[in-house]
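Notes for the one structure printed next.
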Number of protein chains: 2
Amino acid sequence: MNSDPGFYSIIDYTVDGPETQKELVEAFAEIQERWVRFYPGYRSARFHVSTDGTRVYNIVHWASEADYRRFVETSDTEGRMAAIQEALAGISGDAEPRMNGAPTYRVVREVGPGPRSSGDT
Amino acid sequence: MNSDPGFYSIIDYTVDGPETQKELVEAFAEIQERWVRFYPGYRSARFHVSTDGTRVYNIVHWASEADYRRFVETSDTEGRMAAIQEALAGISGDAEPRMNGAPTYRVVREVGPGPRSSGDT
């Protein structure tokens, strides 16, 4: 990829059904609005729910890794974590995190539409 | 969200380090080029690697669910699955799928940049 695609944080939960998907998205959207979206370099949080009702991804896009690091260093991490715990406690269904390690990502490659490649190349 | 954000397939692997991340991205990028990117409605496959070296997400974007369903119905699923197995077998490190259920997703909400919300709203 030629252009800088930014930096991502991917929050990944397994849930027990469509109602919990809805509750989790509502809760995490509010977390973004109260704790994250006003920091420099924040681009978006996009909530992906699986069609089978079992999973929720929140993909948070930052303009750059530096912006994300500045957010981590300058924001109220303790307050945000407490708000996340409170939000999770308020959900009626089961929601289990599936993250392991640091949930931060770089996009290293993109394959756009194009002709079928032969197996020889 | 007002506009149709499309339809996504999210392929999620845990791996044993940065070298395996690289190999997996190469292998799956070739799968896209040989088996997927020429179907109508295909928008992109974006490969996200975690900064800690433990995880790879391939997020495949389709213009609509109908386009994705048409791809599933009209494509050579058997050939594609065999190619994926072959690609995984050719990787020197460990790569374990983390998908459960159907790996298809809708984006149901997006939170853009904005002022901090108060807790009262």
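Chains: A, B, ... in order of the structure tokens. Residues: from 1 per chain. Ligands: from 1, in order shown.
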
Using 8 Å as the limit and counting only C-alpha atoms, can you tabulate each residue of chain B that touches chain A, with its shortest atom-to-atom distance in Å and the two atoms involved, as a tab-separated table?
```
residue	atom	partner	partner_atom	distance
B:Val25	CA	A:Arg109	CA	7.7
B:Ala29	CA	A:Val111	CA	6.6
B:Gln32	CA	A:Val111	CA	7.1
B:Glu33	CA	A:Ser117	CA	5.5
B:Arg34	CA	A:Ser117	CA	4.8
B:Trp35	CA	A:Arg116	CA	7.0
B:Val36	CA	A:Arg116	CA	7.8
B:Arg37	CA	A:Pro113	CA	4.8
B:Phe38	CA	A:Pro115	CA	5.4
B:Tyr42	CA	A:Pro113	CA	6.1
B:Arg43	CA	A:Pro113	CA	6.0
B:Ser44	CA	A:Gly112	CA	4.5
B:Ala45	CA	A:Val111	CA	5.1
B:Arg46	CA	A:Glu110	CA	4.5
B:Phe47	CA	A:Arg109	CA	5.3
B:His48	CA	A:Val107	CA	4.3
B:Val49	CA	A:Tyr105	CA	5.2
B:Ser50	CA	A:Tyr105	CA	4.2
B:Thr51	CA	A:Tyr105	CA	5.5
B:Asp52	CA	A:Ala102	CA	6.1
B:Thr54	CA	A:Gly101	CA	7.3
B:Asn100	CA	A:Thr54	CA	7.9
B:Gly101	CA	A:Asp52	CA	6.7
B:Ala102	CA	A:Asp52	CA	6.1
B:Pro103	CA	A:Ser50	CA	6.6
B:Thr104	CA	A:Ser50	CA	5.5
B:Tyr105	CA	A:Ser50	CA	4.2
B:Arg106	CA	A:His48	CA	5.4
B:Val107	CA	A:His48	CA	4.3
B:Val108	CA	A:Phe47	CA	5.9
B:Arg109	CA	A:Phe47	CA	5.3
B:Glu110	CA	A:Arg46	CA	4.5
B:Val111	CA	A:Ala45	CA	5.1
B:Gly112	CA	A:Ser44	CA	4.5
B:Pro113	CA	A:Arg37	CA	4.8
B:Gly114	CA	A:Phe38	CA	5.4
B:Pro115	CA	A:Phe38	CA	5.4
B:Arg116	CA	A:Arg34	CA	5.2
B:Ser117	CA	A:Arg34	CA	4.8
B:Ser118	CA	A:Arg34	CA	6.4
B:Gly119	CA	A:Arg34	CA	7.1
```

| request: Within 12 Å of A:Gly93, counting only C-alpha atoms, which residues show up once you throw out same-chain ones fewer than 4 positions away? Write them as JSON, numbers by chain, please. | output: {"A": [14, 15, 16, 17, 18, 19, 20, 21, 22, 23, 24, 54, 88, 89]}

| task | Identify, with DSSP run on backbone atoms, the residues in chain B assigned to strand (DSSP E), and express the list as a ChimeraX atom specification. | result | /B:7-15,42-50,55-62,95-97,104-111

Only N, CA and C atoms, please: the residues just picked out, written as a tab-separated table (two decimals), in the first residue's frame.
```tsv
chain	number	residue	atom	x	y	z
B	7	PHE	N	-21.05	-5.16	3.10
B	7	PHE	CA	-21.12	-6.45	3.77
B	7	PHE	C	-19.70	-6.96	3.89
B	8	TYR	N	-19.39	-7.61	5.02
B	8	TYR	CA	-18.01	-7.97	5.30
B	8	TYR	C	-17.87	-9.44	5.65
B	9	SER	N	-16.73	-9.99	5.26
B	9	SER	CA	-16.33	-11.29	5.75
B	9	SER	C	-15.02	-11.05	6.51
B	10	ILE	N	-14.96	-11.54	7.76
B	10	ILE	CA	-13.77	-11.28	8.58
B	10	ILE	C	-13.09	-12.60	8.92
B	11	ILE	N	-11.86	-12.76	8.43
B	11	ILE	CA	-11.08	-13.97	8.61
B	11	ILE	C	-10.01	-13.66	9.66
B	12	ASP	N	-9.98	-14.46	10.71
B	12	ASP	CA	-9.28	-14.08	11.93
B	12	ASP	C	-8.39	-15.26	12.38
B	13	TYR	N	-7.07	-15.02	12.43
B	13	TYR	CA	-6.13	-16.07	12.82
B	13	TYR	C	-5.23	-15.62	13.97
B	14	THR	N	-4.92	-16.55	14.86
B	14	THR	CA	-3.86	-16.34	15.84
B	14	THR	C	-2.60	-17.00	15.29
B	15	VAL	N	-1.47	-16.31	15.38
B	15	VAL	CA	-0.22	-16.85	14.83
B	15	VAL	C	0.91	-16.74	15.85
B	42	TYR	N	-17.08	-7.29	-5.38
B	42	TYR	CA	-15.88	-7.35	-4.52
B	42	TYR	C	-15.29	-5.95	-4.44
B	43	ARG	N	-15.04	-5.48	-3.21
B	43	ARG	CA	-14.46	-4.14	-3.05
B	43	ARG	C	-12.99	-4.21	-2.67
B	44	SER	N	-12.67	-4.99	-1.64
B	44	SER	CA	-11.27	-5.07	-1.20
B	44	SER	C	-11.11	-6.16	-0.15
B	45	ALA	N	-9.87	-6.60	-0.01
B	45	ALA	CA	-9.46	-7.39	1.15
B	45	ALA	C	-8.35	-6.60	1.81
B	46	ARG	N	-8.51	-6.31	3.11
B	46	ARG	CA	-7.49	-5.53	3.82
B	46	ARG	C	-6.92	-6.40	4.94
B	47	PHE	N	-5.60	-6.49	4.95
B	47	PHE	CA	-4.92	-7.37	5.90
B	47	PHE	C	-4.37	-6.56	7.08
B	48	HIS	N	-4.92	-6.84	8.26
B	48	HIS	CA	-4.53	-6.15	9.50
B	48	HIS	C	-3.63	-7.09	10.31
B	49	VAL	N	-2.43	-6.65	10.64
B	49	VAL	CA	-1.56	-7.47	11.50
B	49	VAL	C	-1.39	-6.75	12.83
B	50	SER	N	-1.46	-7.53	13.92
B	50	SER	CA	-1.35	-6.91	15.24
B	50	SER	C	0.10	-6.50	15.50
B	55	ARG	N	-1.53	-11.84	15.74
B	55	ARG	CA	-2.84	-11.98	15.13
B	55	ARG	C	-2.89	-11.37	13.73
B	56	VAL	N	-3.73	-11.96	12.90
B	56	VAL	CA	-3.96	-11.44	11.55
B	56	VAL	C	-5.46	-11.44	11.28
B	57	TYR	N	-5.97	-10.28	10.81
B	57	TYR	CA	-7.34	-10.20	10.34
B	57	TYR	C	-7.33	-9.88	8.85
B	58	ASN	N	-8.09	-10.64	8.09
B	58	ASN	CA	-8.36	-10.26	6.71
B	58	ASN	C	-9.82	-9.83	6.65
B	59	ILE	N	-10.04	-8.55	6.36
B	59	ILE	CA	-11.40	-8.03	6.29
B	59	ILE	C	-11.75	-7.82	4.83
B	60	VAL	N	-12.68	-8.64	4.33
B	60	VAL	CA	-13.08	-8.59	2.93
B	60	VAL	C	-14.39	-7.83	2.82
B	61	HIS	N	-14.37	-6.82	1.97
B	61	HIS	CA	-15.51	-5.91	1.84
B	61	HIS	C	-16.24	-6.19	0.52
B	62	TRP	N	-17.55	-6.40	0.62
B	62	TRP	CA	-18.40	-6.60	-0.55
B	62	TRP	C	-19.37	-5.42	-0.64
B	95	ALA	N	-0.54	-21.23	12.64
B	95	ALA	CA	-1.64	-20.29	12.40
B	95	ALA	C	-2.95	-21.01	12.71
B	96	GLU	N	-3.69	-20.49	13.68
B	96	GLU	CA	-4.94	-21.13	14.11
B	96	GLU	C	-6.12	-20.21	13.86
B	97	PRO	N	-7.16	-20.72	13.19
B	97	PRO	CA	-8.34	-19.88	12.96
B	97	PRO	C	-9.04	-19.55	14.28
B	104	THR	N	-19.53	-13.67	8.59
B	104	THR	CA	-20.07	-12.56	7.80
B	104	THR	C	-20.70	-11.51	8.72
B	105	TYR	N	-20.49	-10.25	8.34
B	105	TYR	CA	-20.79	-9.12	9.23
B	105	TYR	C	-21.48	-7.98	8.51
B	106	ARG	N	-22.29	-7.27	9.28
B	106	ARG	CA	-22.85	-5.99	8.84
B	106	ARG	C	-22.33	-4.90	9.77
B	107	VAL	N	-22.06	-3.73	9.20
B	107	VAL	CA	-21.70	-2.58	10.04
B	107	VAL	C	-23.01	-1.91	10.44
B	108	VAL	N	-23.31	-1.92	11.74
B	108	VAL	CA	-24.60	-1.41	12.18
B	108	VAL	C	-24.52	0.00	12.76
B	109	ARG	N	-23.30	0.44	13.05
B	109	ARG	CA	-23.18	1.78	13.63
B	109	ARG	C	-21.76	2.31	13.42
B	110	GLU	N	-21.68	3.63	13.25
B	110	GLU	CA	-20.37	4.26	13.14
B	110	GLU	C	-20.38	5.52	13.99
B	111	VAL	N	-19.34	5.69	14.80
B	111	VAL	CA	-19.19	6.89	15.63
B	111	VAL	C	-18.02	7.69	15.07
```

| In chain B, what's helix (DSSP H, G or I) per DSSP? Answer as a ChimeraX atom specification? | /B:18-36,65-74,77-89

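Atom CA of B:Ser92 is positioned 28.8 Å from atom CA of B:Ser75.
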
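Put simply, atom CA of A:Gly6 is 21.8 Å away from atom CA of A:Thr77.
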